[in-house]
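Here's the structure, in structure tokens; my notes come after.
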Amino acid sequence: MYPALERHSLLSEALDIRPREIIALSGAGGKTSLMFQLAGEIAAHSVVLTTTTTKIAVPDPSQSPCCVLTRDDPQWELHSRIRLQELRHITLAHHRFGDTKLKGHEGEEMEELLRRELAPYILIEADGARQKPLKAPRHDEPLIPRQTTLVVGMIGWDVLGKELAEPNVHRAEIFRRTLGLAGDRLEVTADIIARWAAHPAGLGKNVPAGARFVAFLNKCDLEAHREEAGRLASAIVCSPGSSCRHVVVGSIRQKFFLSVRDAGCHLS
């Protein structure tokens, strides 16, 4: 039999957030919403920095009370530390471009930033998906720093039943090639979602050695969605050879979270 799902009132509990975490968010289907929801929970008891290795929208004050841009501020580190102590949560990026976007740090720049230990909790959006619910990473993606302790890979459950094509899946051809899918007008099925979550070159790609990995099936807004996604989550963690042993099912918008972990599956 499959392990039971556990209900959580907090996202941080569902993800099993531990002291002094560096958390990278990859995949698609709500990374930015998850980052700021989680930051808000952490800021209630600690200090948290949100940032990115790619691009994010400029947060509004309800998401993050302050942005510090390293390119524009020669004293960005001092100002970051001061604002973190005052506000408990800030967003750090390299520069602003256009009216709505922030560009982050990547590679050695991000790793140097992390070595400065600006905050006990650092949340990093490490993947771009062009607001689609499912995404296949390019060869050099996701951009996850080596110091990361937890990777959360996301899938938007609202992709279920839609065509496996670019309007719904970012880099759909790479996605199909990775799973060996052939045929015209394929639909995204629960089995395809499960295979992507469990595949080492899929949702869990580029997880650093020693980091934990959690798959998050987001946008399960209806009870029927939660039941189907919950059964799928249990199957994923119990699948032989799966690279995913912890799955969260829920809705960030509705603040509803279920989790399941492989605690010794017994299949019959």
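Each chain in the structure tokens gets a letter, A, B, ..., in the order shown, and its residues are numbered from 1; ligands are numbered from 1 in order too.
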
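The shell of residues at most 12 Å from Arg83 in chain A, with only C-alpha atoms counted and near chain neighbours (fewer than 5 positions) removed, consists of Val47, Val48, Leu49, Ser64, Pro65, Cys66, Cys67, Val68, Trp76, Glu77, Leu78, Arg88, His89, Ile90, Thr91, Leu92, Leu118 and Ala119 of chain A.
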
Please save C-alpha atoms of the selected residues as a PDB file, in the first residue's frame.
ATOM      1  CA  VAL A  47      15.360  36.744   8.391  1.00  0.00           C
ATOM      2  CA  VAL A  48      15.061  35.796   4.724  1.00  0.00           C
ATOM      3  CA  LEU A  49      16.542  36.979   1.428  1.00  0.00           C
ATOM      4  CA  SER A  64       8.748  41.952  -0.640  1.00  0.00           C
ATOM      5  CA  PRO A  65       9.142  45.225   1.273  1.00  0.00           C
ATOM      6  CA  CYS A  66      12.471  46.243  -0.290  1.00  0.00           C
ATOM      7  CA  CYS A  67      14.687  45.599  -3.324  1.00  0.00           C
ATOM      8  CA  VAL A  68      18.468  46.115  -3.338  1.00  0.00           C
ATOM      9  CA  TRP A  76      24.746  47.081  -1.442  1.00  0.00           C
ATOM     10  CA  GLU A  77      26.020  44.578   1.140  1.00  0.00           C
ATOM     11  CA  LEU A  78      25.870  47.061   4.022  1.00  0.00           C
ATOM     12  CA  ARG A  88      13.337  40.753   8.050  1.00  0.00           C
ATOM     13  CA  HIS A  89      12.869  40.217   4.291  1.00  0.00           C
ATOM     14  CA  ILE A  90      14.347  41.891   1.206  1.00  0.00           C
ATOM     15  CA  THR A  91      14.856  40.975  -2.444  1.00  0.00           C
ATOM     16  CA  LEU A  92      18.337  41.209  -3.969  1.00  0.00           C
ATOM     17  CA  LEU A 118      23.515  37.714   4.334  1.00  0.00           C
ATOM     18  CA  ALA A 119      20.598  35.809   5.870  1.00  0.00           C
TER      19      ALA A 119
END

(request) DSSP on the backbone, then: every residue of range 13-186 of chain A marked strand (DSSP E), written as a VMD selection string. (result) chain A and resid 22 to 27 48 to 52 55 to 57 67 to 69 89 to 93 95 to 97 101 to 103 121 to 125 134 to 135 150 to 156 169 to 170

Give me the residues of range 15-83 of chain A that have any atom at most 6 Å from an atom of range 127-142 of chain A; for each, the nearest atom pair and the distance in Å, rounded to one decimal. Use only C-alpha atoms, sort by chain and number, and format it as a Markdown table.
| residue | atom | partner | partner_atom | distance |
| --- | --- | --- | --- | --- |
| A:Ser26 | CA | A:Asp127 | CA | 4.9 |
| A:Gly27 | CA | A:Lys135 | CA | 5.8 |
| A:Ala28 | CA | A:Leu134 | CA | 5.1 |
| A:Gly29 | CA | A:Pro133 | CA | 4.1 |

(message) Which residues are near range 149-159 of chain A? Cut-off 6 Å, only C-alpha atoms, ignore same chain within fewer than 6 positions. Put them as number ranges by chain.
(response) A: 21-29, 133-134, 203, 211-219

Grab the residues selected above and save them as a PDB file, in the first residue's frame with N, CA and C atoms.
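Output below, filename result_13.pdb:
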ATOM      1  N   GLU A  21      18.610  27.331   5.561  1.00  0.00           N
ATOM      2  CA  GLU A  21      18.425  26.699   4.253  1.00  0.00           C
ATOM      3  C   GLU A  21      18.757  27.667   3.122  1.00  0.00           C
ATOM      4  N   ILE A  22      19.331  27.119   2.047  1.00  0.00           N
ATOM      5  CA  ILE A  22      19.411  27.796   0.753  1.00  0.00           C
ATOM      6  C   ILE A  22      18.512  26.998  -0.179  1.00  0.00           C
ATOM      7  N   ILE A  23      17.426  27.607  -0.616  1.00  0.00           N
ATOM      8  CA  ILE A  23      16.357  26.897  -1.320  1.00  0.00           C
ATOM      9  C   ILE A  23      16.260  27.420  -2.741  1.00  0.00           C
ATOM     10  N   ALA A  24      16.379  26.528  -3.713  1.00  0.00           N
ATOM     11  CA  ALA A  24      16.262  26.892  -5.125  1.00  0.00           C
ATOM     12  C   ALA A  24      14.940  26.374  -5.676  1.00  0.00           C
ATOM     13  N   LEU A  25      14.279  27.184  -6.485  1.00  0.00           N
ATOM     14  CA  LEU A  25      12.986  26.838  -7.078  1.00  0.00           C
ATOM     15  C   LEU A  25      13.153  26.665  -8.579  1.00  0.00           C
ATOM     16  N   SER A  26      12.718  25.515  -9.090  1.00  0.00           N
ATOM     17  CA  SER A  26      12.847  25.225 -10.513  1.00  0.00           C
ATOM     18  C   SER A  26      11.504  24.761 -11.058  1.00  0.00           C
ATOM     19  N   GLY A  27      11.465  24.487 -12.374  1.00  0.00           N
ATOM     20  CA  GLY A  27      10.233  24.024 -12.984  1.00  0.00           C
ATOM     21  C   GLY A  27       9.320  25.161 -13.393  1.00  0.00           C
ATOM     22  N   ALA A  28       8.007  24.947 -13.228  1.00  0.00           N
ATOM     23  CA  ALA A  28       7.015  25.905 -13.713  1.00  0.00           C
ATOM     24  C   ALA A  28       5.745  25.800 -12.877  1.00  0.00           C
ATOM     25  N   GLY A  29       4.885  26.800 -13.039  1.00  0.00           N
ATOM     26  CA  GLY A  29       3.575  26.683 -12.407  1.00  0.00           C
ATOM     27  C   GLY A  29       3.438  27.338 -11.052  1.00  0.00           C
ATOM     28  N   PRO A 133       2.648  26.272 -17.354  1.00  0.00           N
ATOM     29  CA  PRO A 133       2.545  25.369 -16.201  1.00  0.00           C
ATOM     30  C   PRO A 133       3.529  24.206 -16.198  1.00  0.00           C
ATOM     31  N   LEU A 134       4.225  23.978 -17.306  1.00  0.00           N
ATOM     32  CA  LEU A 134       5.164  22.864 -17.403  1.00  0.00           C
ATOM     33  C   LEU A 134       6.344  23.317 -18.241  1.00  0.00           C
ATOM     34  N   LEU A 203      12.262  16.948 -13.831  1.00  0.00           N
ATOM     35  CA  LEU A 203      12.021  17.971 -12.827  1.00  0.00           C
ATOM     36  C   LEU A 203      13.177  18.109 -11.839  1.00  0.00           C
ATOM     37  N   ALA A 211      21.889  17.863  -1.679  1.00  0.00           N
ATOM     38  CA  ALA A 211      20.678  18.663  -1.511  1.00  0.00           C
ATOM     39  C   ALA A 211      19.450  17.754  -1.525  1.00  0.00           C
ATOM     40  N   ARG A 212      18.420  18.133  -0.784  1.00  0.00           N
ATOM     41  CA  ARG A 212      17.144  17.432  -0.825  1.00  0.00           C
ATOM     42  C   ARG A 212      16.330  17.929  -2.019  1.00  0.00           C
ATOM     43  N   PHE A 213      15.410  17.091  -2.487  1.00  0.00           N
ATOM     44  CA  PHE A 213      14.581  17.453  -3.635  1.00  0.00           C
ATOM     45  C   PHE A 213      13.122  17.181  -3.312  1.00  0.00           C
ATOM     46  N   VAL A 214      12.272  18.177  -3.570  1.00  0.00           N
ATOM     47  CA  VAL A 214      10.833  18.044  -3.385  1.00  0.00           C
ATOM     48  C   VAL A 214      10.139  18.431  -4.681  1.00  0.00           C
ATOM     49  N   ALA A 215       9.213  17.587  -5.147  1.00  0.00           N
ATOM     50  CA  ALA A 215       8.350  17.954  -6.273  1.00  0.00           C
ATOM     51  C   ALA A 215       7.076  18.576  -5.719  1.00  0.00           C
ATOM     52  N   PHE A 216       6.648  19.678  -6.317  1.00  0.00           N
ATOM     53  CA  PHE A 216       5.446  20.380  -5.860  1.00  0.00           C
ATOM     54  C   PHE A 216       4.443  20.418  -7.007  1.00  0.00           C
ATOM     55  N   LEU A 217       3.294  19.766  -6.822  1.00  0.00           N
ATOM     56  CA  LEU A 217       2.203  19.801  -7.796  1.00  0.00           C
ATOM     57  C   LEU A 217       1.254  20.910  -7.358  1.00  0.00           C
ATOM     58  N   ASN A 218       1.371  22.060  -8.007  1.00  0.00           N
ATOM     59  CA  ASN A 218       0.631  23.255  -7.597  1.00  0.00           C
ATOM     60  C   ASN A 218      -0.663  23.392  -8.404  1.00  0.00           C
ATOM     61  N   LYS A 219      -1.514  24.297  -7.961  1.00  0.00           N
ATOM     62  CA  LYS A 219      -2.791  24.629  -8.610  1.00  0.00           C
ATOM     63  C   LYS A 219      -3.788  23.477  -8.538  1.00  0.00           C
TER      64      LYS A 219
END

(request) Using only C-alpha atoms, determine which residues lie at most 12 Å from Gln147 in chain A, disregarding the query and same-chain residues fewer than 2 positions distant; provide the list as number ranges by chain. (result) A: 20-24, 107-108, 110-117, 122-124, 143-145, 149-151, 207-212

For the residues in that selection, give me C-alpha atoms as a PDB file, in the first residue's frame.
ATOM      1  CA  ARG A  20      19.697  27.812   7.646  1.00  0.00           C
ATOM      2  CA  GLU A  21      18.425  26.699   4.253  1.00  0.00           C
ATOM      3  CA  ILE A  22      19.411  27.796   0.753  1.00  0.00           C
ATOM      4  CA  ILE A  23      16.357  26.897  -1.320  1.00  0.00           C
ATOM      5  CA  ALA A  24      16.262  26.892  -5.125  1.00  0.00           C
ATOM      6  CA  GLY A 107      27.336  31.229 -11.676  1.00  0.00           C
ATOM      7  CA  GLU A 108      30.299  32.404  -9.632  1.00  0.00           C
ATOM      8  CA  MET A 110      25.729  33.970  -7.090  1.00  0.00           C
ATOM      9  CA  GLU A 111      28.042  31.563  -5.290  1.00  0.00           C
ATOM     10  CA  GLU A 112      30.101  34.501  -3.987  1.00  0.00           C
ATOM     11  CA  LEU A 113      26.934  36.233  -2.858  1.00  0.00           C
ATOM     12  CA  LEU A 114      25.869  33.113  -0.943  1.00  0.00           C
ATOM     13  CA  ARG A 115      29.259  32.884   0.766  1.00  0.00           C
ATOM     14  CA  ARG A 116      28.569  36.282   2.351  1.00  0.00           C
ATOM     15  CA  GLU A 117      25.767  34.670   4.414  1.00  0.00           C
ATOM     16  CA  ILE A 122      17.896  32.395   1.120  1.00  0.00           C
ATOM     17  CA  LEU A 123      15.262  31.641  -1.528  1.00  0.00           C
ATOM     18  CA  ILE A 124      16.372  31.560  -5.170  1.00  0.00           C
ATOM     19  CA  LEU A 143      20.783  27.534 -12.712  1.00  0.00           C
ATOM     20  CA  ILE A 144      21.032  26.051  -9.212  1.00  0.00           C
ATOM     21  CA  PRO A 145      23.975  27.105  -7.014  1.00  0.00           C
ATOM     22  CA  THR A 149      20.374  22.609   0.448  1.00  0.00           C
ATOM     23  CA  LEU A 150      16.838  22.136  -0.922  1.00  0.00           C
ATOM     24  CA  VAL A 151      15.475  22.176  -4.476  1.00  0.00           C
ATOM     25  CA  VAL A 207      19.998  19.048  -7.983  1.00  0.00           C
ATOM     26  CA  PRO A 208      23.384  19.434  -6.239  1.00  0.00           C
ATOM     27  CA  ALA A 209      24.942  16.488  -4.451  1.00  0.00           C
ATOM     28  CA  GLY A 210      23.699  16.429  -0.878  1.00  0.00           C
ATOM     29  CA  ALA A 211      20.678  18.663  -1.511  1.00  0.00           C
ATOM     30  CA  ARG A 212      17.144  17.432  -0.825  1.00  0.00           C
TER      31      ARG A 212
END

(request) Determine, counting only C-alpha atoms, which protein, DNA and RNA residues have an atom within 7 Å of an atom of range 224-241 of chain A; residues of the same chain fewer than 3 positions away are not included. Present the result as number ranges by chain. (result) A: 2-3, 194, 198, 220-221, 244-247, 249-250, 260-262, 265

Since we have the selection now, will you write its residues out, keeping C-alpha atoms, as a tab-separated table (two decimals), in the first residue's frame?
chain	number	residue	atom	x	y	z
A	2	TYR	CA	1.03	3.61	-0.55
A	3	PRO	CA	2.04	5.94	2.30
A	194	ALA	CA	4.65	11.31	-12.90
A	198	ALA	CA	10.64	11.01	-11.30
A	220	CYS	CA	-4.69	21.66	-7.22
A	221	ASP	CA	-7.57	23.97	-6.37
A	244	CYS	CA	11.85	12.03	-6.17
A	245	ARG	CA	11.06	10.83	-2.64
A	246	HIS	CA	9.05	13.79	-1.34
A	247	VAL	CA	6.05	15.33	-3.11
A	249	VAL	CA	0.31	18.55	-3.54
A	250	GLY	CA	-1.70	21.69	-3.08
A	260	VAL	CA	3.91	12.46	1.05
A	261	ARG	CA	7.34	10.96	1.55
A	262	ASP	CA	8.83	7.54	0.94
A	265	CYS	CA	6.58	1.82	0.50

(request) Apply DSSP to the structure's backbone, then extract all residues of range 4-160 of chain A labelled helix (DSSP H, G or I) and return them as a ChimeraX atom specification. (result) /A:11-14,31-43,76-87,107-115,157-159

Could you write those residues out with N, CA and C atoms, as a compact mmCIF listing (two decimals), in the first residue's frame?
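After the write, out06.txt holds the following:
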# COMPACT_ATOMS: atom_id res chain seq x y z
N LEU A 11 3.14 26.18 4.30
CA LEU A 11 3.98 25.71 3.21
C LEU A 11 5.34 25.25 3.72
N SER A 12 5.91 25.98 4.68
CA SER A 12 7.22 25.63 5.23
C SER A 12 7.20 24.26 5.89
N GLU A 13 6.07 23.88 6.48
CA GLU A 13 5.95 22.55 7.08
C GLU A 13 5.87 21.48 6.00
N ALA A 14 5.08 21.74 4.97
CA ALA A 14 4.93 20.76 3.88
C ALA A 14 6.26 20.49 3.19
N LYS A 31 6.43 29.38 -9.30
CA LYS A 31 7.66 29.54 -8.50
C LYS A 31 7.69 30.86 -7.75
N THR A 32 7.34 31.96 -8.43
CA THR A 32 7.40 33.26 -7.77
C THR A 32 6.40 33.34 -6.63
N SER A 33 5.20 32.84 -6.83
CA SER A 33 4.20 32.83 -5.76
C SER A 33 4.68 32.00 -4.59
N LEU A 34 5.27 30.85 -4.88
CA LEU A 34 5.80 30.02 -3.80
C LEU A 34 6.91 30.74 -3.05
N MET A 35 7.82 31.39 -3.79
CA MET A 35 8.94 32.04 -3.14
C MET A 35 8.47 33.09 -2.15
N PHE A 36 7.53 33.93 -2.54
CA PHE A 36 7.12 35.00 -1.64
C PHE A 36 6.17 34.50 -0.55
N GLN A 37 5.38 33.46 -0.82
CA GLN A 37 4.59 32.85 0.25
C GLN A 37 5.50 32.26 1.32
N LEU A 38 6.52 31.53 0.89
CA LEU A 38 7.46 30.92 1.83
C LEU A 38 8.26 31.99 2.57
N ALA A 39 8.69 33.03 1.87
CA ALA A 39 9.44 34.12 2.51
C ALA A 39 8.61 34.76 3.61
N GLY A 40 7.31 34.95 3.37
CA GLY A 40 6.46 35.55 4.37
C GLY A 40 6.35 34.68 5.62
N GLU A 41 6.27 33.37 5.43
CA GLU A 41 6.22 32.46 6.59
C GLU A 41 7.53 32.51 7.37
N ILE A 42 8.65 32.48 6.66
CA ILE A 42 9.95 32.49 7.34
C ILE A 42 10.18 33.80 8.07
N ALA A 43 9.79 34.92 7.45
CA ALA A 43 10.01 36.24 8.05
C ALA A 43 9.25 36.41 9.36
N TRP A 76 25.91 47.95 -1.47
CA TRP A 76 24.75 47.08 -1.44
C TRP A 76 24.78 46.08 -0.28
N GLU A 77 25.98 45.57 0.06
CA GLU A 77 26.02 44.58 1.14
C GLU A 77 25.64 45.21 2.48
N LEU A 78 26.21 46.37 2.79
CA LEU A 78 25.87 47.06 4.02
C LEU A 78 24.39 47.38 4.06
N HIS A 79 23.88 47.93 2.98
CA HIS A 79 22.47 48.30 2.95
C HIS A 79 21.56 47.07 3.04
N SER A 80 21.99 45.97 2.43
CA SER A 80 21.20 44.74 2.53
C SER A 80 21.11 44.27 3.97
N ARG A 81 22.23 44.28 4.67
CA ARG A 81 22.23 43.81 6.06
C ARG A 81 21.37 44.72 6.95
N ILE A 82 21.45 46.02 6.71
CA ILE A 82 20.64 46.96 7.50
C ILE A 82 19.15 46.72 7.23
N ARG A 83 18.77 46.62 5.95
CA ARG A 83 17.36 46.43 5.60
C ARG A 83 16.85 45.08 6.12
N LEU A 84 17.67 44.07 6.07
CA LEU A 84 17.25 42.76 6.59
C LEU A 84 16.95 42.81 8.08
N GLN A 85 17.76 43.51 8.82
CA GLN A 85 17.51 43.63 10.26
C GLN A 85 16.26 44.46 10.53
N GLU A 86 16.01 45.46 9.70
CA GLU A 86 14.83 46.31 9.89
C GLU A 86 13.55 45.62 9.45
N LEU A 87 13.62 44.96 8.28
CA LEU A 87 12.40 44.47 7.62
C LEU A 87 12.22 42.95 7.69
N GLY A 107 25.99 31.78 -11.69
CA GLY A 107 27.34 31.23 -11.68
C GLY A 107 28.14 31.65 -10.47
N GLU A 108 29.39 32.04 -10.72
CA GLU A 108 30.30 32.40 -9.63
C GLU A 108 29.82 33.62 -8.86
N GLU A 109 29.13 34.56 -9.54
CA GLU A 109 28.61 35.74 -8.84
C GLU A 109 27.61 35.33 -7.76
N MET A 110 26.70 34.41 -8.08
CA MET A 110 25.73 33.97 -7.09
C MET A 110 26.40 33.18 -5.97
N GLU A 111 27.37 32.35 -6.32
CA GLU A 111 28.04 31.56 -5.29
C GLU A 111 28.83 32.47 -4.33
N GLU A 112 29.41 33.54 -4.85
CA GLU A 112 30.10 34.50 -3.99
C GLU A 112 29.09 35.23 -3.10
N LEU A 113 27.97 35.58 -3.65
CA LEU A 113 26.93 36.23 -2.86
C LEU A 113 26.49 35.33 -1.71
N LEU A 114 26.31 34.05 -1.98
CA LEU A 114 25.87 33.11 -0.94
C LEU A 114 26.93 32.94 0.14
N ARG A 115 28.19 33.02 -0.23
CA ARG A 115 29.26 32.88 0.77
C ARG A 115 29.26 34.04 1.77
N TRP A 157 -0.60 21.87 -12.02
CA TRP A 157 -1.55 20.78 -12.28
C TRP A 157 -2.56 21.15 -13.37
N ASP A 158 -2.72 22.44 -13.62
CA ASP A 158 -3.68 22.87 -14.65
C ASP A 158 -3.23 22.52 -16.06
N VAL A 159 -2.02 21.96 -16.21
CA VAL A 159 -1.57 21.50 -17.53
C VAL A 159 -2.19 20.16 -17.90

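For Ile192 in chain A, the set of protein, DNA and RNA residues having any atom at most 10 Å away, when counting only C-alpha atoms and skipping those fewer than 4 positions along the same chain, is Leu160, Leu164, Arg176, Leu179, Leu181, Glu187, Val188, Trp196, Ala197 and Ala198 of chain A.
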
Kindly save the residues from that selection, with C-alpha atoms included, as a tab-separated table (two decimals), in the first residue's frame.
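again19.tsv written:
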chain	number	residue	atom	x	y	z
A	160	LEU	CA	-3.31	18.12	-17.17
A	164	LEU	CA	1.90	18.86	-25.04
A	176	ARG	CA	9.13	15.07	-25.50
A	179	LEU	CA	10.77	11.20	-22.05
A	181	LEU	CA	7.42	10.60	-26.43
A	187	GLU	CA	-2.01	15.39	-24.28
A	188	VAL	CA	-0.33	15.85	-20.91
A	196	TRP	CA	8.67	13.91	-15.52
A	197	ALA	CA	8.72	14.27	-11.73
A	198	ALA	CA	10.64	11.01	-11.30

(message) Could you check the closest approach to Thr148 in chain A for each of A:Asn206, A:Val169, A:Gly180, A:Phe175 and tell me which residue wins, using only C-alpha atoms?
(response)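 Counting only C-alpha atoms, the residue closest to Thr148 in chain A is A:Asn206.
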